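Novice: As input, take run.cif (mmCIF, C-alpha atoms):
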data_input
#
loop_
_atom_site.group_PDB
_atom_site.id
_atom_site.type_symbol
_atom_site.label_atom_id
_atom_site.label_comp_id
_atom_site.auth_asym_id
_atom_site.auth_seq_id
_atom_site.Cartn_x
_atom_site.Cartn_y
_atom_site.Cartn_z
ATOM 1 C CA MET A 1 83.108 92.949 118.653
ATOM 2 C CA SER A 2 81.196 92.953 115.395
ATOM 3 C CA SER A 3 83.084 92.086 112.247
ATOM 4 C CA ARG A 4 81.860 95.301 110.606
ATOM 5 C CA LEU A 5 83.389 97.438 113.363
ATOM 6 C CA LYS A 6 86.628 95.444 113.159
ATOM 7 C CA LYS A 7 86.780 96.066 109.390
ATOM 8 C CA ILE A 8 86.270 99.782 109.928
ATOM 9 C CA LEU A 9 89.007 99.937 112.563
ATOM 10 C CA SER A 10 91.359 97.854 110.377
ATOM 11 C CA ALA A 11 90.748 100.073 107.351
ATOM 12 C CA LYS A 12 91.375 103.200 109.422
ATOM 13 C CA ALA A 13 94.645 101.817 110.815
ATOM 14 C CA LEU A 14 95.687 100.681 107.348
ATOM 15 C CA SER A 15 94.950 104.065 105.765
ATOM 16 C CA LYS A 16 97.904 105.537 107.691
ATOM 17 C CA TYR A 17 100.200 103.427 105.519
ATOM 18 C CA GLY A 18 98.625 104.561 102.233
ATOM 19 C CA LYS A 19 100.876 107.543 101.659
ATOM 20 C CA LEU A 20 104.163 105.596 101.658
ATOM 21 C CA ARG A 21 105.019 105.412 97.946
ATOM 22 C CA ALA A 22 108.687 106.387 97.835
ATOM 23 C CA ASN A 23 111.046 104.424 95.537
ATOM 24 C CA ARG A 24 108.139 102.893 93.579
ATOM 25 C CA LYS A 25 108.873 102.026 89.952
ATOM 26 C CA PHE A 26 107.829 99.392 87.439
ATOM 27 C CA VAL A 27 109.755 96.123 87.710
ATOM 28 C CA ASP A 28 109.155 93.466 85.071
ATOM 29 C CA TRP A 29 109.446 89.768 85.868
ATOM 30 C CA ASN A 30 112.902 89.349 84.311
ATOM 31 C CA ASN A 31 114.427 92.151 86.397
ATOM 32 C CA ALA A 32 112.860 91.088 89.707
ATOM 33 C CA MET A 33 115.413 89.110 91.703
ATOM 34 C CA ARG A 34 113.956 89.266 95.235
ATOM 35 C CA ILE A 35 110.228 88.636 95.440
ATOM 36 C CA GLN A 36 107.911 88.862 98.427
ATOM 37 C CA PHE A 37 104.774 86.721 98.318
ATOM 38 C CA LEU A 38 101.704 87.184 100.496
ATOM 39 C CA TYR A 39 98.991 84.573 100.842
ATOM 40 C CA ALA A 40 95.917 84.338 103.071
ATOM 41 C CA ALA A 41 95.053 80.691 103.629
ATOM 42 C CA ASN A 42 91.306 80.510 104.199
ATOM 43 C CA ILE A 43 91.277 77.048 105.701
ATOM 44 C CA LEU A 44 89.289 75.280 108.394
ATOM 45 C CA THR A 45 91.784 72.633 109.567
ATOM 46 C CA ALA A 46 95.542 72.109 109.493
ATOM 47 C CA GLU A 47 95.083 69.310 106.938
ATOM 48 C CA ASP A 48 93.512 71.823 104.520
ATOM 49 C CA ALA A 49 96.817 73.714 104.484
ATOM 50 C CA VAL A 50 98.806 70.812 103.002
ATOM 51 C CA PRO A 51 97.741 71.341 99.342
ATOM 52 C CA LEU A 52 98.163 75.116 99.689
ATOM 53 C CA VAL A 53 101.684 74.812 101.073
ATOM 54 C CA SER A 54 102.385 72.366 98.238
ATOM 55 C CA GLU A 55 101.346 75.013 95.692
ATOM 56 C CA LEU A 56 103.495 77.627 97.396
ATOM 57 C CA TYR A 57 106.385 75.141 97.290
ATOM 58 C CA LYS A 58 105.889 74.866 93.497
ATOM 59 C CA ILE A 59 105.997 78.657 93.244
ATOM 60 C CA GLN A 60 109.187 78.694 95.303
ATOM 61 C CA ASN A 61 110.809 76.155 92.971
ATOM 62 C CA LEU A 62 109.720 78.016 89.828
ATOM 63 C CA CYS A 63 111.279 81.190 91.218
ATOM 64 C CA LYS A 64 114.512 79.436 92.166
ATOM 65 C CA GLU A 65 114.773 77.855 88.687
ATOM 66 C CA GLU A 66 114.707 81.382 87.280
ATOM 67 C CA GLY A 67 117.368 82.604 89.723
ATOM 68 C CA LYS A 68 114.987 84.544 91.954
ATOM 69 C CA THR A 69 114.843 84.583 95.760
ATOM 70 C CA PRO A 70 111.300 84.227 97.139
ATOM 71 C CA PHE A 71 110.121 85.245 100.619
ATOM 72 C CA PHE A 72 106.643 84.180 101.801
ATOM 73 C CA VAL A 73 104.224 85.529 104.372
ATOM 74 C CA ILE A 74 101.309 83.180 104.970
ATOM 75 C CA TYR A 75 98.350 84.249 107.060
ATOM 76 C CA SER A 76 96.100 81.561 108.518
ATOM 77 C CA PRO A 77 93.458 81.724 111.242
ATOM 78 C CA PHE A 78 95.613 79.236 113.164
ATOM 79 C CA PRO A 79 99.258 78.064 112.957
ATOM 80 C CA ILE A 80 100.136 75.822 109.987
ATOM 81 C CA ASP A 81 103.140 73.711 109.044
ATOM 82 C CA SER A 82 105.134 75.488 106.333
ATOM 83 C CA ALA A 83 108.270 73.329 106.709
ATOM 84 C CA PRO A 84 108.866 72.697 102.971
ATOM 85 C CA LEU A 85 109.186 76.430 102.321
ATOM 86 C CA GLU A 86 112.352 78.454 102.811
ATOM 87 C CA ASN A 87 112.234 82.116 103.859
ATOM 88 C CA VAL A 88 108.717 81.992 105.225
ATOM 89 C CA LEU A 89 106.919 83.927 107.918
ATOM 90 C CA THR A 90 103.661 82.373 109.111
ATOM 91 C CA VAL A 91 101.202 84.644 110.825
ATOM 92 C CA SER A 92 98.102 83.462 112.636
ATOM 93 C CA LYS A 93 95.184 85.245 114.217
ATOM 94 C CA LYS A 94 96.934 85.267 117.608
ATOM 95 C CA ASP A 95 99.848 87.239 116.088
ATOM 96 C CA CYS A 96 97.571 90.133 115.123
ATOM 97 C CA GLY A 97 95.809 92.876 117.022
ATOM 98 C CA ARG A 98 92.394 92.101 118.368
ATOM 99 C CA PHE A 99 90.701 95.302 117.181
ATOM 100 C CA THR A 100 92.599 96.321 114.033
ATOM 101 C CA SER A 101 94.027 93.005 112.729
ATOM 102 C CA ARG A 102 97.414 94.721 112.667
ATOM 103 C CA PRO A 103 100.339 92.268 112.978
ATOM 104 C CA ARG A 104 102.978 92.802 115.643
ATOM 105 C CA LYS A 105 105.412 95.662 114.996
ATOM 106 C CA GLU A 106 108.440 93.326 115.127
ATOM 107 C CA SER A 107 106.944 91.114 112.430
ATOM 108 C CA LEU A 108 106.153 94.077 110.165
ATOM 109 C CA ALA A 109 109.630 95.531 110.710
ATOM 110 C CA GLU A 110 111.280 92.208 109.830
ATOM 111 C CA PHE A 111 109.252 91.963 106.646
ATOM 112 C CA GLY A 112 109.699 95.625 105.712
ATOM 113 C CA GLY A 113 113.459 95.343 106.223
ATOM 114 C CA TYR A 114 113.738 92.547 103.654
ATOM 115 C CA ALA A 115 114.902 94.208 100.434
ATOM 116 C CA ALA A 116 112.642 93.221 97.535
ATOM 117 C CA ASP A 117 112.124 94.186 93.943
ATOM 118 C CA LEU A 118 108.586 92.850 93.656
ATOM 119 C CA LEU A 119 105.685 92.116 96.005
ATOM 120 C CA VAL A 120 103.017 89.649 94.853
ATOM 121 C CA ASN A 121 99.836 89.174 96.867
ATOM 122 C CA LEU A 122 98.493 85.772 95.777
ATOM 123 C CA SER A 123 95.311 86.038 97.860
ATOM 124 C CA THR A 124 91.944 86.313 96.174
ATOM 125 C CA ALA A 125 90.112 86.871 99.452
ATOM 126 C CA ASP A 126 90.349 89.928 101.668
ATOM 127 C CA SER A 127 92.912 89.880 104.444
ATOM 128 C CA TYR A 128 93.568 93.070 106.354
ATOM 129 C CA GLN A 129 96.407 91.289 108.129
ATOM 130 C CA LEU A 130 98.290 90.880 104.847
ATOM 131 C CA GLU A 131 97.462 94.386 103.677
ATOM 132 C CA PHE A 132 99.571 95.667 106.578
ATOM 133 C CA TYR A 133 102.479 93.601 105.203
ATOM 134 C CA ALA A 134 101.867 94.960 101.712
ATOM 135 C CA ALA A 135 101.951 98.489 103.092
ATOM 136 C CA ALA A 136 105.136 97.793 105.090
ATOM 137 C CA SER A 137 106.929 96.233 102.124
ATOM 138 C CA SER A 138 109.905 98.071 100.643
ATOM 139 C CA ALA A 139 109.318 96.458 97.232
ATOM 140 C CA SER A 140 109.709 98.728 94.235
ATOM 141 C CA PHE A 141 106.604 97.300 92.521
ATOM 142 C CA LYS A 142 103.535 95.768 94.147
ATOM 143 C CA THR A 143 100.995 93.551 92.428
ATOM 144 C CA ALA A 144 97.958 91.505 93.464
ATOM 145 C CA SER A 145 94.739 89.916 92.310
ATOM 146 C CA THR A 146 91.662 92.121 92.449
ATOM 147 C CA ARG A 147 89.338 91.901 95.422
ATOM 148 C CA GLN A 148 86.113 93.533 96.569
ATOM 149 C CA THR A 149 87.591 95.983 99.081
ATOM 150 C CA ASP A 150 89.120 99.409 98.652
ATOM 151 C CA VAL A 151 92.626 98.385 99.792
ATOM 152 C CA SER A 152 93.832 97.995 96.210
ATOM 153 C CA PHE A 153 95.286 101.529 96.319
ATOM 154 C CA LYS A 154 98.432 99.979 97.799
ATOM 155 C CA TYR A 155 99.209 98.097 94.582
ATOM 156 C CA ASP A 156 100.689 99.234 91.290
ATOM 157 C CA PHE A 157 99.245 96.411 89.169
ATOM 158 C CA LEU A 158 96.144 94.235 89.608
ATOM 159 C CA VAL A 159 95.141 91.014 87.856
ATOM 160 C CA ALA A 160 91.469 90.003 87.773
ATOM 161 C CA ALA A 161 90.302 87.125 89.955
ATOM 162 C CA ASN A 162 86.923 85.428 90.051
ATOM 163 C CA PRO A 163 85.178 87.102 93.012
ATOM 164 C CA GLU A 164 82.069 84.873 92.817
ATOM 165 C CA ASN A 165 84.017 81.735 93.655
ATOM 166 C CA PRO A 166 87.398 82.337 95.303
ATOM 167 C CA GLU A 167 87.890 78.575 95.760
ATOM 168 C CA THR A 168 88.119 77.751 92.031
ATOM 169 C CA SER A 169 91.366 76.455 90.585
ATOM 170 C CA ALA A 170 91.608 79.691 88.577
ATOM 171 C CA ASN A 171 92.032 81.461 91.914
ATOM 172 C CA SER A 172 94.577 79.076 93.410
ATOM 173 C CA PRO A 173 97.879 80.629 94.488
ATOM 174 C CA LEU A 174 99.692 78.891 91.623
ATOM 175 C CA ALA A 175 97.173 80.152 89.037
ATOM 176 C CA VAL A 176 97.355 83.730 90.354
ATOM 177 C CA PHE A 177 101.162 83.506 90.362
ATOM 178 C CA LYS A 178 101.251 82.288 86.749
ATOM 179 C CA ALA A 179 98.858 85.028 85.617
ATOM 180 C CA ILE A 180 100.853 87.789 87.300
ATOM 181 C CA ARG A 181 104.146 86.373 86.034
ATOM 182 C CA TYR A 182 102.733 86.171 82.496
ATOM 183 C CA TYR A 183 101.690 89.831 82.447
ATOM 184 C CA LEU A 184 104.928 91.024 84.034
ATOM 185 C CA GLN A 185 106.870 89.109 81.366
ATOM 186 C CA MET A 186 104.763 90.648 78.577
ATOM 187 C CA ILE A 187 104.985 94.263 79.751
ATOM 188 C CA LYS A 188 108.313 95.803 78.781
ATOM 189 C CA PRO A 189 109.672 98.794 80.702
ATOM 190 C CA ALA A 190 109.869 102.064 78.795
#
Output the file's structure in the form of structure tokens.

Specialist:
Amino acid sequence: MSSRLKKILSAKALSKYGKLRANRKFVDWNNAMRIQFLYAANILTAEDAVPLVSELYKIQNLCKEEGKTPFFVIYSPFPIDSAPLENVLTVSKKDCGRFTSRPRKESLAEFGGYAADLLVNLSTADSYQLEFYAAASSASFKTASTRQTDVSFKYDFLVAANPENPETSANSPLAVFKAIRYYLQMIKPA
């Protein structure tokens, strides 16, 4: 199947989730206690995942130091070792639908049932698989880095990323996390 057709089918399946916006409200960083993180690991080998998991581990520790409970969903084309992380759900290509990239219903239900104040998508590259998780999330406030696609309607707040070079250190998960955290600390609720 062509990748263009798969994108069209994924976008159509994802659009059914677009209208779910109940209980959405602004949550600043200080008031967010339970945080869901999404990250699409665009890697070629299992060894490439080691530095990425290390960055996510740093994010986990920063959250814990501030008294927050993080929960991670990592998407990778193939299974990766996420042992250092607590509260993590790893999703690979084999866990998702062949035509729509939609993850299994059980996985989405588990993630959607996790009560969260804030959802942070750390990915700077497109990942329809993770957009299903973003749509299924029960988080009160959803934020992400900007991307080229039209799936950003699911988010309440977007932070600019460098679309020309998604592999730069400015687009690393830790850098995106720090940028989003900075803005959510600066914005005060009305």

Novice: In Å, with one decimal, what is the gap from atom CA of A:Arg102 to atom CA of A:Tyr128?

Specialist: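 Taking atom CA of A:Arg102 and atom CA of A:Tyr128, their separation equals 7.6 Å.
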
Novice: Taking 2 positions as the minimum chain separation for residues in the same chain, which residues sit within 10 Å of A:Asp95 when counting only C-alpha atoms? Answer as a list in words.

Specialist: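 Once the adjacent positions are removed, what remains is Tyr75, Pro77, Phe78, Pro79, Thr90, Val91, Ser92, Lys93, Gly97, Arg98, Ser101, Arg102, Pro103, Arg104, Ser107 and Gln129 of chain A.
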
Novice: Here is a test: counting only C-alpha atoms, which residue of A:Ala175, A:Gly67, A:Pro84, A:Ser138 is nearest to A:Thr124?

Specialist: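 Among the listed residues, the smallest separation from A:Thr124 belongs to A:Ala175.
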
Novice: Written as a tab-separated table (two decimals) with C-alpha atoms, in the coordinates of the input, which residues does the PyMOL selection byres ((chain A and resi 28) around 10) give for the file shown?

Specialist:
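Once everything was written out, this is expr-v5.tsv:
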chain	number	residue	atom	x	y	z
A	25	LYS	CA	108.87	102.03	89.95
A	26	PHE	CA	107.83	99.39	87.44
A	27	VAL	CA	109.76	96.12	87.71
A	29	TRP	CA	109.45	89.77	85.87
A	30	ASN	CA	112.90	89.35	84.31
A	31	ASN	CA	114.43	92.15	86.40
A	32	ALA	CA	112.86	91.09	89.71
A	117	ASP	CA	112.12	94.19	93.94
A	118	LEU	CA	108.59	92.85	93.66
A	141	PHE	CA	106.60	97.30	92.52
A	181	ARG	CA	104.15	86.37	86.03
A	183	TYR	CA	101.69	89.83	82.45
A	184	LEU	CA	104.93	91.02	84.03
A	185	GLN	CA	106.87	89.11	81.37
A	186	MET	CA	104.76	90.65	78.58
A	187	ILE	CA	104.98	94.26	79.75
A	188	LYS	CA	108.31	95.80	78.78
A	189	PRO	CA	109.67	98.79	80.70

Novice: On this structure, which residues satisfy the PyMOL selection byres ((chain A and resi 69) around 12), written as a list in words?

Specialist: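 On the file shown, the PyMOL selection byres ((chain A and resi 69) around 12) covers Ala32, Met33, Arg34, Ile35, Gln36, Phe37, Ile59, Gln60, Asn61, Leu62, Cys63, Lys64, Glu65, Glu66, Gly67, Lys68, Pro70, Phe71, Phe72, Leu85, Glu86, Asn87, Val88, Tyr114, Ala115, Ala116, Asp117, Leu118 and Leu119 of chain A.
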
Novice: Could you jot down the atom CA of A:Leu38 to atom CA of A:Val73 separation for me, Å, one decimal place?

Specialist: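 Interatomic distance, atom CA of A:Leu38 to atom CA of A:Val73: 4.9 Å.
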
Novice: Could you state the separation of atom CA of A:Ser123 and atom CA of A:Pro173 in Å, given to one decimal place?

Specialist: 6.9 Å

Novice: Written as a PDB file with C-alpha atoms, in the frame of the given file, which residues does the PyMOL selection byres ((chain A and resi 55) around 12) give for the file shown?

Specialist:
ATOM      1  CA  TYR A  39      98.991  84.573 100.842  1.00  0.00           C
ATOM      2  CA  ALA A  41      95.053  80.691 103.629  1.00  0.00           C
ATOM      3  CA  ALA A  49      96.817  73.714 104.484  1.00  0.00           C
ATOM      4  CA  VAL A  50      98.806  70.812 103.002  1.00  0.00           C
ATOM      5  CA  PRO A  51      97.741  71.341  99.342  1.00  0.00           C
ATOM      6  CA  LEU A  52      98.163  75.116  99.689  1.00  0.00           C
ATOM      7  CA  VAL A  53     101.684  74.812 101.073  1.00  0.00           C
ATOM      8  CA  SER A  54     102.385  72.366  98.238  1.00  0.00           C
ATOM      9  CA  LEU A  56     103.495  77.627  97.396  1.00  0.00           C
ATOM     10  CA  TYR A  57     106.385  75.141  97.290  1.00  0.00           C
ATOM     11  CA  LYS A  58     105.889  74.866  93.497  1.00  0.00           C
ATOM     12  CA  ILE A  59     105.997  78.657  93.244  1.00  0.00           C
ATOM     13  CA  GLN A  60     109.187  78.694  95.303  1.00  0.00           C
ATOM     14  CA  ASN A  61     110.809  76.155  92.971  1.00  0.00           C
ATOM     15  CA  LEU A  62     109.720  78.016  89.828  1.00  0.00           C
ATOM     16  CA  SER A  82     105.134  75.488 106.333  1.00  0.00           C
ATOM     17  CA  PRO A  84     108.866  72.697 102.971  1.00  0.00           C
ATOM     18  CA  LEU A  85     109.186  76.430 102.321  1.00  0.00           C
ATOM     19  CA  LEU A 122      98.493  85.772  95.777  1.00  0.00           C
ATOM     20  CA  SER A 169      91.366  76.455  90.585  1.00  0.00           C
ATOM     21  CA  ASN A 171      92.032  81.461  91.914  1.00  0.00           C
ATOM     22  CA  SER A 172      94.577  79.076  93.410  1.00  0.00           C
ATOM     23  CA  PRO A 173      97.879  80.629  94.488  1.00  0.00           C
ATOM     24  CA  LEU A 174      99.692  78.891  91.623  1.00  0.00           C
ATOM     25  CA  ALA A 175      97.173  80.152  89.037  1.00  0.00           C
ATOM     26  CA  VAL A 176      97.355  83.730  90.354  1.00  0.00           C
ATOM     27  CA  PHE A 177     101.162  83.506  90.362  1.00  0.00           C
ATOM     28  CA  LYS A 178     101.251  82.288  86.749  1.00  0.00           C
TER      29      LYS A 178
END

Novice: Pick the closest to A:Ile180 from A:Ala40, A:Tyr133, A:Thr143, A:Tyr155: which is it, counting all atoms listed in the file?

Specialist: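 When distances to A:Ile180 are compared using all atoms listed in the file, the smallest one comes from A:Thr143.
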